[in-house]
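Novice: Before I ask anything, here is the structure I am working with.
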There are 2 protein chains.
Amino acid sequence: MAHTYEHPRPALAVDCVVFGLDDADLKVMLIQRGAEPFKGRWALPGGFVRLNETLDDAARRELEEETGLKRVFLEQLYTFGAIKRDPRERVVSVAYYALCNLRDHKVQAATDASDAAWFDLHRLPALAFDHDEILKTAVERLRGKVRYVPIGFELLPRKFTLTQLQRMYEKILDRELDKRNFRKKVLGMGILDETDELQEGVAHRAARLYRFNEAIYKRMVKQGFNFEL
Amino acid sequence: MAHTYEHPRPALAVDCVVFGLDDADLKVMLIQRGAEPFKGRWALPGGFVRLNETLDDAARRELEEETGLKRVFLEQLYTFGAIKRDPRERVVSVAYYALCNLRDHKVQAATDASDAAWFDLHRLPALAFDHDEILKTAVERLRGKVRYVPIGFELLPRKFTLTQLQRMYEKILDRELDKRNFRKKVLGMGILDETDELQEGVAHRAARLYRFNEAIYKRMVKQGFNFEL
DNA sequence: TGACTTAGTGTGTGCTGTACACGAAACTGG
DNA sequence: CCAGTTTCGTGTACAGCACACACTAAGTCA
């Protein structure tokens, strides 16, 4: 069935930059393209927006279809509208970025694309379209935002050690933090609940596990509290 | 001439939130709609994106066509994609915000829309479409960004007094600042050039005029400097 | 010249950022 | 079980910054 309009219009797509964290490094989920253009190249998961779904819905749908990821943190990033960014025709893409912890979402087999895999941020293959630019924008946004909004917790399991939390910030911000100052600061904020559980399966003294208390955080924000790392 | 596509696609528009500052208050430029839907209602300047222009170009073009504004600071804000935001059909809108100083751009007669005018931010009429939501998002963004990027200067004339600078921040942030601390801080950053000119036409002691030195600012940013009010 | 308005300036106090080191706990391997 | 290895968890001192605060100087106007 064909669709006819009085004026020509760009196609509208969404693309998602999915960040994941494991013990080693910050990673990004990529999809190997099964069709032209850029067949065989790695690309961000994404696809065209349907008429009966919002942009957020489209991003979530594509994410699930192509990577199996559900219920992750997802936020609009920026809209890319360069004229030749897609060689076929004019495609404007609303980019999103997502955060999830790698433990819960290992190498999920993709249903839609020919392959999906996590890539180390420092060892990326050449990407299709303008996806390297989108990715760069996403990294900058993540770096900026993680410092004044507690979104970093989305990259960790629900219960985590303070060292894991610190490593997460160090990987994103790409610099080392002082252990004692870091702990003093985050504990002083009062948004972490200390559990009575300890880390398991490590070959050394086990660390205490903490949980992010979002309810307290939100209450404090209303009273003028400012998260800031 | 009609245009036919295999799959249906949303229409793509841009809308601009233009902020202006005069001695009294922070203002927004609105356009009175001359056609349905929302005929007679006030709305943000904007229009549809053409195939041969980028999103930024579309925003600048619409801004000039509808308000006469050229060469202002313009930055992408957010993309709004609610399904029923336009009663006619599905329209996704990439919103921008712009900053300019009211002195240089008085009540320019609009060419395209039936009328354009500056509105006090605290006394806004009912707006068309979801433009109140876009506006709210723009105000939040401006509030957040003005504190750690020196974009506020775009709202002032090229040469300004420190009091004008302070008033600008007070109006945007909606709280009073301490005069001595403010001056100490901004002068201490070293990004303002003191001119040898004084304010003219005021009925009291004239204040010294300063200029924002963007070259120095950029150089300092490269060396790790962080603007922060 | 007196009244009025805004410009321009410095100090003290408390808090926050930051630099920095070591003993305790738990596991490993011989 | 002992020695070695790894990570955990903790406190202090100093410097720089945020913030509160008030008066004199300069210019205009009537």
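As shown in the structure tokens, the chain order sets the letters A, B, ...; within each chain, residues go from 1, and ligands are also counted from 1 in the order they appear.
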Considering only C-alpha atoms (C1' of nucleotides), give me a table of residues in chain C that are at most 8 Å from segment 15-29 of chain D, with the closest atom pair and distance in Å for each, as CSV.
Specialist:
residue,atom,partner,partner_atom,distance
C:DA7,C1',D:DA26,C1',7.5
C:DG8,C1',D:DA25,C1',8.0
C:DC15,C1',D:DA18,C1',8.0
C:DT16,C1',D:DC17,C1',8.0
Novice: Pull the closest atom pair for each residue of chain C that gets at most 7 Å from chain A, along with the distance in Å to one decimal, counting only C-alpha atoms (C1' of nucleotides), ordering rows by chain and then ascending residue number, as CSV.
Specialist:
residue,atom,partner,partner_atom,distance
C:DA25,C1',A:Arg205,CA,5.5
C:DA26,C1',A:Arg205,CA,4.0
C:DC27,C1',A:His204,CA,4.8
Novice: Write out as a ChimeraX atom specification all residues of segment 78-229 of chain B that DSSP puts in alpha helix (DSSP H) for this structure's backbone.
Specialist: /B:131-145,162-173,179-189,214-222
Novice: Can you tell me how far atom CA of Asp23 of chain B sits from atom CA of Lys179 of chain B, in Å to one decimal?
Specialist: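 A separation of 17.4 Å between them.
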Novice: So how many Å separate atom CA of Asp120 of chain B and atom CA of Glu62 of chain B, to one decimal?
Specialist: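 The value is 21.9 Å.
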Novice: Can you tell me which residues surround Gln166 of chain B at a distance of at most 10 Å, considering only C-alpha atoms (C1' of nucleotides), apart from same-chain residues fewer than 6 positions away, and format the answer as JSON, numbers by chain?
Specialist: {"B": [176, 177, 178, 179, 182, 183, 186]}
Novice: Give me a file of those residues, with C-alpha atoms, as a JSON list (two decimals), in the first residue's frame.
Specialist:
[["chain", "number", "residue", "atom", "x", "y", "z"],
["B", 176, "GLU", "CA", 18.96, 37.27, 43.80],
["B", 177, "LEU", "CA", 22.73, 37.18, 43.74],
["B", 178, "ASP", "CA", 25.18, 39.03, 45.94],
["B", 179, "LYS", "CA", 26.77, 41.92, 44.11],
["B", 182, "PHE", "CA", 29.16, 37.96, 41.79],
["B", 183, "ARG", "CA", 31.66, 40.54, 40.59],
["B", 186, "VAL", "CA", 33.09, 36.67, 37.10]]
Novice: As a VMD selection string, list the residues of segment 110-222 of chain B assigned to strand (DSSP E or B) by DSSP on the backbone atoms of this structure.
Specialist: chain B and resid 115 to 120 127 159 to 160 192 to 198 208 to 212
